[in-house]
>>> print(open('entry07.cif').read())   # mmCIF, C-alpha atoms
data_my_file
#
loop_
_atom_site.label_atom_id
_atom_site.label_comp_id
_atom_site.auth_asym_id
_atom_site.auth_seq_id
_atom_site.Cartn_x
_atom_site.Cartn_y
_atom_site.Cartn_z
CA MET A 1392 -1.23 25.81 -13.59
CA ILE A 1393 -2.74 29.33 -13.83
CA ASN A 1394 -0.72 32.17 -12.31
CA LYS A 1395 -1.40 35.93 -12.63
CA GLY A 1396 -3.50 35.35 -15.75
CA PHE A 1397 -0.98 33.06 -17.46
CA ALA A 1398 -1.26 29.33 -18.09
CA PHE A 1399 1.82 27.14 -17.58
CA THR A 1400 1.66 23.76 -19.29
CA GLY A 1401 4.17 20.97 -19.76
CA HIS A 1402 4.43 18.99 -23.00
CA MET A 1403 4.38 15.22 -23.26
CA PHE A 1404 5.72 15.05 -26.82
CA SER A 1405 6.79 18.57 -27.75
CA LYS A 1406 9.39 18.73 -24.96
CA GLY A 1407 9.78 21.65 -22.58
CA PHE A 1408 6.91 23.80 -21.33
CA SER A 1409 4.92 26.79 -22.54
CA VAL A 1410 3.46 29.96 -21.05
CA ILE A 1411 0.15 31.20 -22.48
CA ASP A 1412 -1.42 34.59 -21.78
CA VAL A 1413 -5.02 33.81 -20.81
CA ARG A 1414 -5.97 37.16 -19.32
CA ASP A 1415 -8.46 37.35 -22.17
CA PRO A 1416 -9.70 33.75 -22.04
CA HIS A 1417 -11.46 34.19 -25.39
CA ASN A 1418 -8.13 34.95 -27.04
CA PRO A 1419 -5.26 32.98 -25.47
CA LYS A 1420 -1.79 33.86 -26.76
CA PRO A 1421 1.42 31.84 -26.37
CA VAL A 1422 4.13 34.12 -24.96
CA ALA A 1423 7.01 31.82 -24.02
CA TYR A 1424 8.38 28.36 -24.72
CA VAL A 1425 11.20 26.88 -22.64
CA PRO A 1426 12.76 23.78 -24.24
CA ALA A 1427 13.73 20.76 -22.20
CA PRO A 1428 17.32 19.50 -22.02
CA ALA A 1429 18.28 16.68 -24.38
CA ASN A 1430 16.43 13.37 -23.86
CA THR A 1431 14.42 14.97 -21.05
CA TRP A 1432 10.78 15.81 -20.52
CA ASN A 1433 9.13 18.54 -18.42
CA ILE A 1434 5.67 16.98 -18.24
CA HIS A 1435 4.68 18.31 -14.80
CA LEU A 1436 5.09 21.63 -13.05
CA GLN A 1437 3.75 23.65 -10.12
CA THR A 1438 3.32 27.38 -9.58
CA HIS A 1439 2.64 29.42 -6.48
CA GLU A 1440 2.97 33.19 -6.26
CA ASP A 1441 6.36 34.04 -7.81
CA LEU A 1442 7.80 30.51 -8.07
CA LEU A 1443 7.55 27.85 -10.77
CA LEU A 1444 8.90 24.34 -10.10
CA VAL A 1445 9.45 22.11 -13.16
CA ILE A 1446 10.31 18.42 -13.20
CA ASN A 1447 13.19 17.04 -15.24
CA ALA A 1448 13.19 13.32 -16.02
CA LYS A 1449 14.10 10.84 -18.69
CA ASP A 1450 11.79 11.22 -21.70
CA MET A 1451 10.21 7.79 -21.29
CA PHE A 1452 7.99 7.84 -24.35
CA ALA A 1453 10.93 8.67 -26.63
CA SER A 1454 12.75 5.52 -25.45
CA ALA A 1455 12.79 2.36 -27.52
CA GLU A 1456 11.76 0.22 -24.54
CA PHE A 1457 8.49 2.14 -24.13
CA GLN A 1458 7.32 2.47 -27.74
CA ASP A 1459 4.90 -0.26 -26.75
CA GLU A 1460 2.98 1.72 -24.15
CA THR A 1461 2.04 -1.35 -22.13
CA GLU A 1462 5.69 -1.76 -21.10
CA TYR A 1463 5.63 1.55 -19.22
CA TYR A 1464 2.71 0.50 -17.05
CA LYS A 1465 3.90 -2.88 -15.80
CA GLY A 1466 6.82 -4.25 -13.81
CA ALA A 1467 9.62 -2.40 -12.08
CA LEU A 1468 10.22 0.79 -14.07
CA GLY A 1469 13.67 1.32 -12.58
CA LYS A 1470 14.80 -2.07 -13.84
CA LYS A 1471 13.63 -1.32 -17.37
CA VAL A 1472 15.30 2.09 -17.38
CA GLY A 1473 18.47 0.63 -15.85
CA THR A 1474 18.54 2.97 -12.85
CA ALA A 1475 17.57 0.28 -10.32
CA GLN A 1476 20.73 -1.68 -11.11
CA GLN A 1477 22.68 1.52 -11.87
CA THR A 1478 23.80 -0.01 -15.17
CA ARG A 1479 22.60 2.64 -17.59
CA GLN A 1480 24.68 5.65 -18.60
CA ARG A 1481 22.49 8.70 -18.06
CA ASP A 1482 22.01 10.88 -21.15
CA TRP A 1483 19.11 12.88 -19.69
CA THR A 1484 18.72 15.57 -17.02
CA ALA A 1485 17.21 14.50 -13.69
CA GLY A 1486 15.97 16.88 -11.01
CA MET A 1487 13.90 20.00 -10.38
CA THR A 1488 14.31 23.45 -11.92
CA VAL A 1489 13.11 26.53 -10.04
CA TYR A 1490 12.07 29.67 -11.92
CA ASP A 1491 11.18 33.18 -10.80
CA ILE A 1492 7.85 34.08 -12.42
CA SER A 1493 7.30 37.49 -10.88
CA ASN A 1494 6.98 38.33 -14.59
CA PRO A 1495 5.10 35.20 -15.69
CA ALA A 1496 5.65 35.84 -19.39
CA GLU A 1497 9.40 35.56 -18.87
CA PRO A 1498 10.35 32.69 -16.53
CA ARG A 1499 13.84 33.26 -15.08
CA LYS A 1500 15.79 30.21 -13.93
CA ILE A 1501 17.16 30.63 -10.42
CA SER A 1502 18.25 27.11 -9.42
CA PHE A 1503 18.39 23.42 -10.27
CA MET A 1504 18.29 20.56 -7.78
CA PRO A 1505 19.77 17.41 -9.36
CA VAL A 1506 18.85 13.88 -8.37
CA GLU A 1507 20.72 10.68 -9.19
CA GLY A 1508 18.44 8.48 -11.25
CA GLY A 1509 15.58 8.70 -13.74
CA GLY A 1510 14.35 12.03 -12.40
CA ILE A 1511 11.21 13.53 -10.89
CA HIS A 1512 7.72 12.69 -12.13
CA ARG A 1513 5.55 15.15 -10.26
CA ILE A 1514 5.79 17.83 -7.56
CA TRP A 1515 3.31 19.20 -5.02
CA TYR A 1516 3.98 22.79 -3.95
CA THR A 1517 1.54 25.35 -2.59
CA GLY A 1518 3.98 27.86 -1.10
CA GLY A 1519 6.10 27.97 2.01
CA ARG A 1520 9.18 25.97 2.90
CA TRP A 1521 8.28 22.48 1.67
CA ALA A 1522 7.81 20.83 -1.70
CA TYR A 1523 7.05 17.15 -2.21
CA ALA A 1524 8.04 15.00 -5.17
CA SER A 1525 7.85 11.53 -6.67
CA VAL A 1526 11.40 10.60 -7.64
CA LEU A 1527 12.99 7.69 -9.52
CA LEU A 1528 16.38 7.29 -7.85
CA ASP A 1529 19.31 5.00 -8.56
CA GLY A 1530 18.90 1.71 -6.73
CA PHE A 1531 15.08 1.86 -6.47
CA THR A 1532 12.52 -0.10 -8.46
CA ASP A 1533 10.18 2.86 -9.06
CA TYR A 1534 9.27 6.38 -7.95
CA ILE A 1535 9.43 7.04 -4.20
CA PHE A 1536 8.32 9.97 -2.01
CA MET A 1537 10.73 12.84 -1.29
CA THR A 1538 10.39 15.98 0.82
CA ILE A 1539 12.30 19.03 -0.47
CA ASP A 1540 13.36 22.04 1.59
CA ILE A 1541 12.78 25.11 -0.53
CA ALA A 1542 13.26 27.73 2.20
CA ASP A 1543 15.94 29.17 -0.09
CA PRO A 1544 14.58 28.80 -3.64
CA ALA A 1545 18.08 29.38 -4.98
CA ASN A 1546 19.27 26.27 -3.13
CA PRO A 1547 16.54 23.59 -2.79
CA LYS A 1548 17.63 20.48 -0.89
CA GLU A 1549 16.34 16.99 -0.28
CA ALA A 1550 15.06 16.63 3.29
CA GLY A 1551 13.61 13.12 3.59
CA ARG A 1552 12.47 9.97 1.79
CA PHE A 1553 9.79 7.31 2.09
CA TRP A 1554 9.27 4.11 0.11
CA LEU A 1555 7.39 0.87 0.45
CA PRO A 1556 9.30 -2.26 1.49
CA GLY A 1557 10.79 -4.06 -1.48
CA MET A 1558 11.60 -0.94 -3.51
CA ASN A 1559 15.19 -0.35 -2.38
CA LEU A 1560 17.14 -2.91 -4.41
CA ALA A 1561 20.44 -1.23 -3.57
CA ALA A 1562 19.81 -2.03 0.11
CA GLY A 1563 19.07 -5.67 -0.64
CA GLU A 1564 15.29 -5.42 -0.64
CA GLU A 1565 13.49 -7.76 -3.03
CA HIS A 1566 10.85 -6.83 -5.57
CA ASN A 1567 8.46 -9.36 -7.06
CA GLY A 1568 5.66 -9.11 -9.57
CA GLU A 1569 4.82 -7.52 -12.89
CA ARG A 1570 2.76 -4.62 -11.55
CA ARG A 1571 3.77 -0.97 -11.25
CA GLY A 1572 4.47 -0.22 -7.60
CA GLY A 1573 5.61 3.40 -7.62
CA LEU A 1574 4.39 6.78 -6.42
CA HIS A 1575 2.66 8.93 -9.02
CA HIS A 1576 2.49 11.87 -6.62
CA ALA A 1577 1.17 12.92 -3.24
CA ILE A 1578 -1.22 15.68 -2.21
CA ILE A 1579 -0.39 17.22 1.15
CA HIS A 1580 -2.78 18.60 3.73
CA GLY A 1581 -1.16 19.83 6.93
CA ASP A 1582 1.23 17.12 8.11
CA THR A 1583 -0.29 14.33 6.03
CA ALA A 1584 0.68 13.24 2.53
CA TYR A 1585 -1.86 11.26 0.51
CA GLY A 1586 0.19 9.25 -1.97
CA ALA A 1587 -1.17 7.61 -5.14
CA TRP A 1588 1.04 4.55 -5.54
CA ARG A 1589 -0.18 3.23 -8.89
CA ASP A 1590 -0.83 -0.55 -8.60
CA GLU A 1591 -0.16 -0.41 -4.87
CA GLY A 1592 -3.17 1.86 -4.23
CA MET A 1593 -3.14 4.65 -1.64
CA VAL A 1594 -0.29 5.25 0.81
CA VAL A 1595 -0.94 7.83 3.54
CA ILE A 1596 2.20 9.26 5.13
CA ASP A 1597 2.85 11.31 8.26
CA VAL A 1598 5.23 14.16 7.32
CA THR A 1599 5.24 15.93 10.69
CA ASP A 1600 9.00 15.32 10.63
CA ARG A 1601 9.88 16.20 7.03
CA SER A 1602 13.22 14.47 7.40
CA ASN A 1603 11.61 11.20 8.48
CA PRO A 1604 8.22 10.53 6.84
CA GLU A 1605 6.34 7.61 8.39
CA LEU A 1606 3.52 5.36 7.22
CA ILE A 1607 -0.01 5.95 8.52
CA VAL A 1608 -1.87 3.43 6.35
CA HIS A 1609 -1.41 1.55 3.09
CA LYS A 1610 -4.68 0.56 1.40
CA ASN A 1611 -4.90 -1.31 -1.89
CA TRP A 1612 -7.98 -2.54 -3.78
CA SER A 1613 -6.07 -4.01 -6.72
CA PRO A 1614 -6.78 -6.81 -7.30
CA PRO A 1615 -9.67 -7.23 -7.83
CA PHE A 1616 -9.80 -3.73 -9.35
CA GLY A 1617 -7.34 -2.64 -12.00
CA GLY A 1618 -4.82 -0.46 -10.17
CA GLY A 1619 -3.11 2.63 -11.55
CA THR A 1620 -3.96 4.95 -8.63
CA HIS A 1621 -3.17 8.51 -9.78
CA ASN A 1622 -4.65 11.08 -7.34
CA CYS A 1623 -5.65 11.03 -3.67
CA LEU A 1624 -7.40 14.32 -2.93
CA PRO A 1625 -8.36 15.08 0.70
CA LEU A 1626 -11.50 17.08 1.42
CA PRO A 1627 -10.70 17.80 5.08
CA ASP A 1628 -13.81 19.79 5.98
CA ARG A 1629 -15.93 16.77 5.09
CA ASP A 1630 -13.54 13.98 6.16
CA LEU A 1631 -13.57 12.62 2.63
CA LEU A 1632 -11.03 11.53 0.03
CA VAL A 1633 -11.45 11.49 -3.75
CA VAL A 1634 -9.18 8.80 -5.20
CA VAL A 1635 -8.57 8.31 -8.92
CA ASP A 1636 -7.43 5.13 -10.67
CA GLU A 1637 -5.92 6.04 -14.04
CA ALA A 1638 -6.92 4.27 -17.26
CA VAL A 1639 -3.58 3.50 -18.92
CA LEU A 1640 -4.26 1.20 -21.90
CA ASP A 1641 -6.21 1.55 -25.14
CA ASN A 1642 -9.78 0.35 -25.62
CA CYS A 1643 -10.24 -0.50 -21.92
CA GLU A 1644 -7.64 -3.29 -22.06
CA ASP A 1645 -6.93 -2.60 -18.38
CA GLY A 1646 -10.63 -2.69 -17.50
CA ILE A 1647 -12.96 0.08 -16.38
CA LYS A 1648 -11.19 2.40 -13.94
CA HIS A 1649 -12.96 4.31 -11.20
CA ILE A 1650 -12.95 7.53 -9.26
CA TRP A 1651 -13.65 6.53 -5.66
CA MET A 1652 -15.12 8.33 -2.69
CA PHE A 1653 -13.59 7.37 0.66
CA ASP A 1654 -14.84 8.12 4.14
CA ASN A 1655 -11.77 9.43 6.00
CA ARG A 1656 -13.20 10.08 9.46
CA VAL A 1657 -10.69 7.57 10.83
CA PRO A 1658 -7.43 8.46 9.01
CA SER A 1659 -5.85 5.10 9.80
CA SER A 1660 -8.82 3.29 8.21
CA PRO A 1661 -10.26 5.05 5.13
CA VAL A 1662 -13.31 3.23 3.74
CA SER A 1663 -14.63 3.37 0.15
CA ILE A 1664 -18.29 4.41 0.04
CA SER A 1665 -19.11 5.12 -3.65
CA THR A 1666 -17.75 5.59 -7.16
CA PHE A 1667 -18.32 8.28 -9.77
CA PRO A 1668 -20.66 7.49 -12.68
CA ILE A 1669 -19.05 6.07 -15.83
CA PRO A 1670 -19.73 8.10 -19.01
CA SER A 1671 -22.10 6.02 -21.12
CA GLU A 1672 -23.55 8.31 -23.79
CA ALA A 1673 -21.08 6.87 -26.32
CA GLU A 1674 -19.09 3.64 -26.74
CA TYR A 1675 -15.87 5.11 -25.44
CA CYS A 1676 -14.12 1.75 -25.06
CA LYS A 1677 -14.37 1.43 -28.86
CA LYS A 1678 -13.30 5.00 -29.63
CA ASP A 1679 -9.55 4.16 -29.51
CA GLY A 1680 -7.04 5.62 -27.11
CA HIS A 1681 -7.57 5.60 -23.36
CA PHE A 1682 -11.05 5.81 -21.86
CA GLY A 1683 -11.39 6.61 -18.18
CA PRO A 1684 -9.91 8.83 -15.50
CA HIS A 1685 -6.55 10.46 -15.84
CA ASN A 1686 -6.57 13.43 -13.49
CA ILE A 1687 -8.74 15.63 -11.32
CA TYR A 1688 -8.47 19.27 -10.35
CA GLU A 1689 -6.74 19.25 -6.97
CA ASN A 1690 -8.21 22.27 -5.15
CA ARG A 1691 -5.22 24.53 -5.57
CA PRO A 1692 -5.26 27.33 -2.94
CA ASP A 1693 -4.79 29.97 -5.65
CA GLY A 1694 -7.70 28.57 -7.70
CA LEU A 1695 -11.15 27.23 -7.01
CA VAL A 1696 -11.46 25.28 -3.76
CA SER A 1697 -14.58 23.13 -3.59
CA ASP A 1698 -15.65 20.05 -1.67
CA GLN A 1699 -18.91 19.89 -3.65
CA LEU A 1700 -17.72 19.74 -7.29
CA ILE A 1701 -14.96 17.57 -8.74
CA PHE A 1702 -13.54 18.34 -12.21
CA SER A 1703 -11.97 15.33 -13.92
CA THR A 1704 -10.37 14.46 -17.23
CA MET A 1705 -11.61 11.21 -18.76
CA GLN A 1706 -9.19 11.13 -21.72
CA ASN A 1707 -11.21 10.19 -24.84
CA ALA A 1708 -14.42 11.09 -22.94
CA GLY A 1709 -13.29 14.66 -22.31
CA ILE A 1710 -13.86 16.73 -19.16
CA ARG A 1711 -16.49 15.85 -16.55
CA VAL A 1712 -17.94 17.74 -13.58
CA THR A 1713 -19.35 15.67 -10.72
CA ASP A 1714 -21.49 16.87 -7.83
CA ILE A 1715 -20.47 15.08 -4.61
CA SER A 1716 -22.73 16.98 -2.20
CA ASP A 1717 -24.11 13.51 -1.44
CA ALA A 1718 -20.87 11.53 -1.10
CA TYR A 1719 -22.78 8.25 -1.33
CA ARG A 1720 -24.28 9.21 -4.67
CA PRO A 1721 -21.96 11.27 -6.91
CA MET A 1722 -23.83 12.74 -9.88
CA GLU A 1723 -22.43 14.06 -13.15
CA VAL A 1724 -23.67 17.61 -13.76
CA ALA A 1725 -21.68 18.71 -16.82
CA ALA A 1726 -19.44 17.35 -19.57
CA PHE A 1727 -17.42 18.61 -22.52
CA VAL A 1728 -16.05 16.20 -25.12
CA PRO A 1729 -13.77 17.97 -27.62
CA PRO A 1730 -13.83 17.08 -31.31
CA LYS A 1731 -11.18 14.94 -32.97
CA PRO A 1732 -7.86 16.84 -33.09
CA ASN A 1733 -6.54 18.13 -36.40
CA ARG A 1734 -3.22 16.35 -36.14
CA LEU A 1735 -1.30 13.84 -34.07
CA ILE A 1736 1.32 15.21 -31.68
CA ASP A 1737 2.00 11.78 -30.15
CA HIS A 1738 5.04 10.50 -32.06
CA ARG A 1739 4.82 6.86 -30.98
CA PRO A 1740 4.03 4.37 -33.77
CA GLY A 1741 0.46 3.29 -34.34
CA ARG A 1742 -1.22 5.82 -32.07
CA PRO A 1743 -4.82 6.77 -32.97
CA LEU A 1744 -5.94 10.30 -33.84
CA VAL A 1745 -8.20 10.82 -30.85
CA ILE A 1746 -8.54 13.30 -27.99
CA GLN A 1747 -6.79 12.43 -24.71
CA ASN A 1748 -7.66 15.10 -22.16
CA CYS A 1749 -4.99 14.86 -19.49
CA ASP A 1750 -4.91 17.65 -16.94
CA VAL A 1751 -7.32 20.24 -15.58
CA TYR A 1752 -7.18 23.47 -13.57
CA VAL A 1753 -10.11 25.57 -12.39
CA ASP A 1754 -9.65 29.22 -11.45
CA LYS A 1755 -11.55 31.17 -8.82
CA GLN A 1756 -13.95 32.52 -11.45
CA GLY A 1757 -14.92 28.98 -12.49
CA LEU A 1758 -13.02 28.93 -15.78
CA VAL A 1759 -11.77 25.45 -16.61
CA TYR A 1760 -8.41 24.93 -18.34
CA ALA A 1761 -7.93 21.43 -19.76
CA ASN A 1762 -5.08 20.25 -21.94
CA ASP A 1763 -4.85 17.40 -24.42
CA TYR A 1764 -1.50 16.30 -25.78
CA ASN A 1765 -2.95 15.98 -29.28
CA GLY A 1766 -5.51 18.78 -29.20
CA GLY A 1767 -4.01 21.71 -27.33
CA LEU A 1768 -5.50 23.77 -24.49
CA PHE A 1769 -9.26 24.10 -24.01
CA ILE A 1770 -10.71 26.95 -21.93
CA LEU A 1771 -14.24 26.32 -20.73
CA GLU A 1772 -16.75 28.07 -18.50
CA TYR A 1773 -18.74 26.07 -16.00
CA GLN A 1774 -22.05 27.83 -15.43
CA GLY A 1775 -23.78 25.27 -13.21
#
>>> encode(input="entry07.cif", output="structure tokens")
Amino acid sequence: MINKGFAFTGHMFSKGFSVIDVRDPHNPKPVAYVPAPANTWNIHLQTHEDLLLVINAKDMFASAEFQDETEYYKGALGKKVGTAQQTRQRDWTAGMTVYDISNPAEPRKISFMPVEGGGIHRIWYTGGRWAYASVLLDGFTDYIFMTIDIADPANPKEAGRFWLPGMNLAAGEEHNGERRGGLHHAIIHGDTAYGAWRDEGMVVIDVTDRSNPELIVHKNWSPPFGGGTHNCLPLPDRDLLVVVDEAVLDNCEDGIKHIWMFDNRVPSSPVSISTFPIPSEAEYCKKDGHFGPHNIYENRPDGLVSDQLIFSTMQNAGIRVTDISDAYRPMEVAAFVPPKPNRLIDHRPGRPLVIQNCDVYVDKQGLVYANDYNGGLFILEYQG
């Protein structure tokens, strides 16, 4: 996130989060580091105006059960962590921390909203009363959708929940299968939440009543495609959706993943109409690490808002810019592939020394901020 000329970035392996002064984008300077609590990660955060919301969850990739990365991306996560059966003693911090960033170089903690379970994975917040989170709670198989009332930032409160049938083990629901069926996060437009539900595809939710979210449509294309849905970005002025399936395994072991264009003129029946081009100027499947989509820039209201250009991170294939002015024929118009990083930040055994561009933000001036958990923060200028 970029706020008042400062970049806020979470850390996958270095714990906590950092604040970087990017007012001179040619000379970024770290100004603050806020460590995470013990056994906890702060991998996602949101800023808007004078508020910063930071997730707190179990540090999954420090856990013995997930040193083999494939174990994180299959089956019922809550069962593996022990929160679904409520059998594991919690030694991590779970919830959401709220900071005052009226002075962005010095985040000031003003509240913490705890949750009972594994914690929060990601938040959507663009100002106002409501925040929205994906939350791993005791008794559930995986992350579910939660609405949060933040009318008083010093006292945020859960307002409502939504989950797919079969996720609530504590209520006697039954879960079957070895695929990940949990919410990565939702993007909200008006009274509609567009949820990316990993191997369960896209789940569109009516949040008119924040205390009682209701299903509009559940659409899944996996199988035959590989799953891992990560972002569902609405482009309301064009009745389109951009939907990202995340590549989660090394050397394309989970197949080629796609960024999809959906026609959303009938919200109860979104229809896929095209996919983004696959980078092919190098043999990325043989480069090691993950190749394929991870994230897209999500048209933050305080940054660039565009329904013509989509900025995506393709992990070992860097950052890509795609022109979707013709939604039936997306065309790549720019790319930046960083060099091999100098050192490995990823502490898991056997990980390759390779770039893995993860997240991207684009400001109103067109500057692109892209992080890489082994290579740091890249600041780029898109000139068309």
>>> residues_around(input="entry07.cif", residues="region 1621-1632 of chain A", least_positions_apart="2", cutoff="7 Å", atoms="only C-alpha atoms", output="PyMOL selection string")
chain A and resi 1575+1578+1585-1587+1589+1619+1634-1637+1652-1656+1686+1689+1698
>>> write_last_selection(input="entry07.cif", atoms="C-alpha atoms", output="tab-separated table (two decimals), in the frame of the given file")
chain	number	residue	atom	x	y	z
A	1575	HIS	CA	2.66	8.93	-9.02
A	1578	ILE	CA	-1.22	15.68	-2.21
A	1585	TYR	CA	-1.86	11.26	0.51
A	1586	GLY	CA	0.19	9.25	-1.97
A	1587	ALA	CA	-1.17	7.61	-5.14
A	1589	ARG	CA	-0.18	3.23	-8.89
A	1619	GLY	CA	-3.11	2.63	-11.55
A	1634	VAL	CA	-9.18	8.80	-5.20
A	1635	VAL	CA	-8.57	8.31	-8.92
A	1636	ASP	CA	-7.43	5.13	-10.67
A	1637	GLU	CA	-5.92	6.04	-14.04
A	1652	MET	CA	-15.12	8.33	-2.69
A	1653	PHE	CA	-13.59	7.37	0.66
A	1654	ASP	CA	-14.84	8.12	4.14
A	1655	ASN	CA	-11.77	9.43	6.00
A	1656	ARG	CA	-13.20	10.08	9.46
A	1686	ASN	CA	-6.57	13.43	-13.49
A	1689	GLU	CA	-6.74	19.25	-6.97
A	1698	ASP	CA	-15.65	20.05	-1.67
>>> closest_atom_pairs(input="entry07.cif", of="region 1619-1716 of chain A", to="region 1438-1443 of chain A", cutoff="10 Å", atoms="all atoms listed in the file", output="CSV")
residue,atom,partner,partner_atom,distance
A:Arg1691,CA,A:His1439,CA,9.3
A:Pro1692,CA,A:His1439,CA,8.9
A:Asp1693,CA,A:His1439,CA,7.5
>>> closest_residue(input="entry07.cif", among="A:Met1504, A:Ile1579, A:Ile1596, A:Ala1673", to="Pro1658 (chain A)", atoms="only C-alpha atoms")
A:Ile1596
>>> resolve_selection(input="entry07.cif", expression="the PyMOL selection byres ((chain A and resi 1514-1520) around 6)", output="NGL selection string")
:A and (1439 or 1513 or 1521-1524 or 1540-1542)
>>> closest_residue(input="entry07.cif", among="A:Ala1550, A:Ile1710, A:Ile1736, A:Val1410", to="Pro1426 (chain A)", atoms="all atoms listed in the file")
A:Val1410
>>> atom_distance(input="entry07.cif", atom1="CA of Phe1536 (chain A)", atom2="CA of Ile1511 (chain A)")
10.0 Å
>>> closest_residue(input="entry07.cif", among="A:Leu1640, A:Val1712, A:Ala1718, A:Ile1687", to="Asp1459 (chain A)", atoms="all atoms listed in the file")
A:Leu1640
>>> residues_around(input="entry07.cif", residues="Tyr1688 (chain A)", least_positions_apart="2", cutoff="8 Å", atoms="only C-alpha atoms", output="MDAnalysis selection string")
chainID A and resid 1686 1690:1691 1701:1703 1750:1753
>>> residues_around(input="entry07.cif", residues="His1649 (chain A)", least_positions_apart="4", cutoff="12 Å", atoms="only C-alpha atoms", output="PDB file with C-alpha atoms, in the coordinates of the input")
ATOM      1  CA  TRP A1612      -7.980  -2.540  -3.780  1.00  0.00           C
ATOM      2  CA  SER A1613      -6.070  -4.010  -6.720  1.00  0.00           C
ATOM      3  CA  PHE A1616      -9.800  -3.730  -9.350  1.00  0.00           C
ATOM      4  CA  GLY A1617      -7.340  -2.640 -12.000  1.00  0.00           C
ATOM      5  CA  GLY A1618      -4.820  -0.460 -10.170  1.00  0.00           C
ATOM      6  CA  GLY A1619      -3.110   2.630 -11.550  1.00  0.00           C
ATOM      7  CA  THR A1620      -3.960   4.950  -8.630  1.00  0.00           C
ATOM      8  CA  HIS A1621      -3.170   8.510  -9.780  1.00  0.00           C
ATOM      9  CA  ASN A1622      -4.650  11.080  -7.340  1.00  0.00           C
ATOM     10  CA  VAL A1633     -11.450  11.490  -3.750  1.00  0.00           C
ATOM     11  CA  VAL A1634      -9.180   8.800  -5.200  1.00  0.00           C
ATOM     12  CA  VAL A1635      -8.570   8.310  -8.920  1.00  0.00           C
ATOM     13  CA  ASP A1636      -7.430   5.130 -10.670  1.00  0.00           C
ATOM     14  CA  GLU A1637      -5.920   6.040 -14.040  1.00  0.00           C
ATOM     15  CA  ALA A1638      -6.920   4.270 -17.260  1.00  0.00           C
ATOM     16  CA  ASP A1645      -6.930  -2.600 -18.380  1.00  0.00           C
ATOM     17  CA  SER A1663     -14.630   3.370   0.150  1.00  0.00           C
ATOM     18  CA  SER A1665     -19.110   5.120  -3.650  1.00  0.00           C
ATOM     19  CA  THR A1666     -17.750   5.590  -7.160  1.00  0.00           C
ATOM     20  CA  PHE A1667     -18.320   8.280  -9.770  1.00  0.00           C
ATOM     21  CA  PRO A1668     -20.660   7.490 -12.680  1.00  0.00           C
ATOM     22  CA  ILE A1669     -19.050   6.070 -15.830  1.00  0.00           C
ATOM     23  CA  PRO A1670     -19.730   8.100 -19.010  1.00  0.00           C
ATOM     24  CA  PHE A1682     -11.050   5.810 -21.860  1.00  0.00           C
ATOM     25  CA  GLY A1683     -11.390   6.610 -18.180  1.00  0.00           C
ATOM     26  CA  PRO A1684      -9.910   8.830 -15.500  1.00  0.00           C
ATOM     27  CA  HIS A1685      -6.550  10.460 -15.840  1.00  0.00           C
ATOM     28  CA  ASN A1686      -6.570  13.430 -13.490  1.00  0.00           C
ATOM     29  CA  SER A1703     -11.970  15.330 -13.920  1.00  0.00           C
ATOM     30  CA  MET A1705     -11.610  11.210 -18.760  1.00  0.00           C
TER      31      MET A1705
END
>>> residues_around(input="entry07.cif", residues="Pro1614 (chain A)", least_positions_apart="6", cutoff="10 Å", atoms="only C-alpha atoms", output="mmCIF file with C-alpha atoms, keeping the file's coordinate frame")
data_model
loop_
_atom_site.group_PDB
_atom_site.id
_atom_site.type_symbol
_atom_site.label_atom_id
_atom_site.label_comp_id
_atom_site.auth_asym_id
_atom_site.auth_seq_id
_atom_site.Cartn_x
_atom_site.Cartn_y
_atom_site.Cartn_z
ATOM 1 C CA ASP A 1590 -0.830 -0.550 -8.600
ATOM 2 C CA GLU A 1591 -0.160 -0.410 -4.870
ATOM 3 C CA GLY A 1592 -3.170 1.860 -4.230
#
>>> resolve_selection(input="entry07.cif", expression="the PyMOL selection byres ((chain A and resi 1492) around 12)", output="number ranges by chain")
A: 1393-1399, 1410, 1423, 1437-1444, 1489-1491, 1493-1501
>>> resolve_selection(input="entry07.cif", expression="the PyMOL selection byres ((chain A and resi 1465) around 6)", output="JSON, numbers by chain")
{"A": [1462, 1463, 1464, 1466, 1569, 1570, 1571]}
>>> decode(input="entry07.cif", residues="region 1580-1601 of chain A", atoms="C-alpha atoms", output="compact mmCIF listing (two decimals), in the first residue's frame")
# COMPACT_ATOMS: atom_id res chain seq x y z
CA HIS A 1580 -17.96 -2.92 -4.84
CA GLY A 1581 -21.06 -1.32 -3.37
CA ASP A 1582 -23.08 -4.07 -1.70
CA THR A 1583 -21.38 -6.94 -3.51
CA ALA A 1584 -18.34 -8.92 -2.39
CA TYR A 1585 -16.38 -10.83 -5.04
CA GLY A 1586 -14.67 -13.65 -3.16
CA ALA A 1587 -11.71 -15.68 -4.46
CA TRP A 1588 -12.23 -19.08 -2.87
CA ARG A 1589 -9.06 -20.88 -3.94
CA ASP A 1590 -9.97 -24.33 -5.36
CA GLU A 1591 -13.67 -23.49 -5.09
CA GLY A 1592 -13.40 -20.67 -7.64
CA MET A 1593 -15.38 -17.43 -7.35
CA VAL A 1594 -18.07 -16.81 -4.72
CA VAL A 1595 -20.12 -13.63 -5.15
CA ILE A 1596 -21.86 -12.44 -1.99
CA ASP A 1597 -24.59 -9.90 -1.30
CA VAL A 1598 -23.49 -7.77 1.69
CA THR A 1599 -26.41 -5.34 1.68
CA ASP A 1600 -27.03 -6.57 5.23
CA ARG A 1601 -23.50 -6.66 6.65
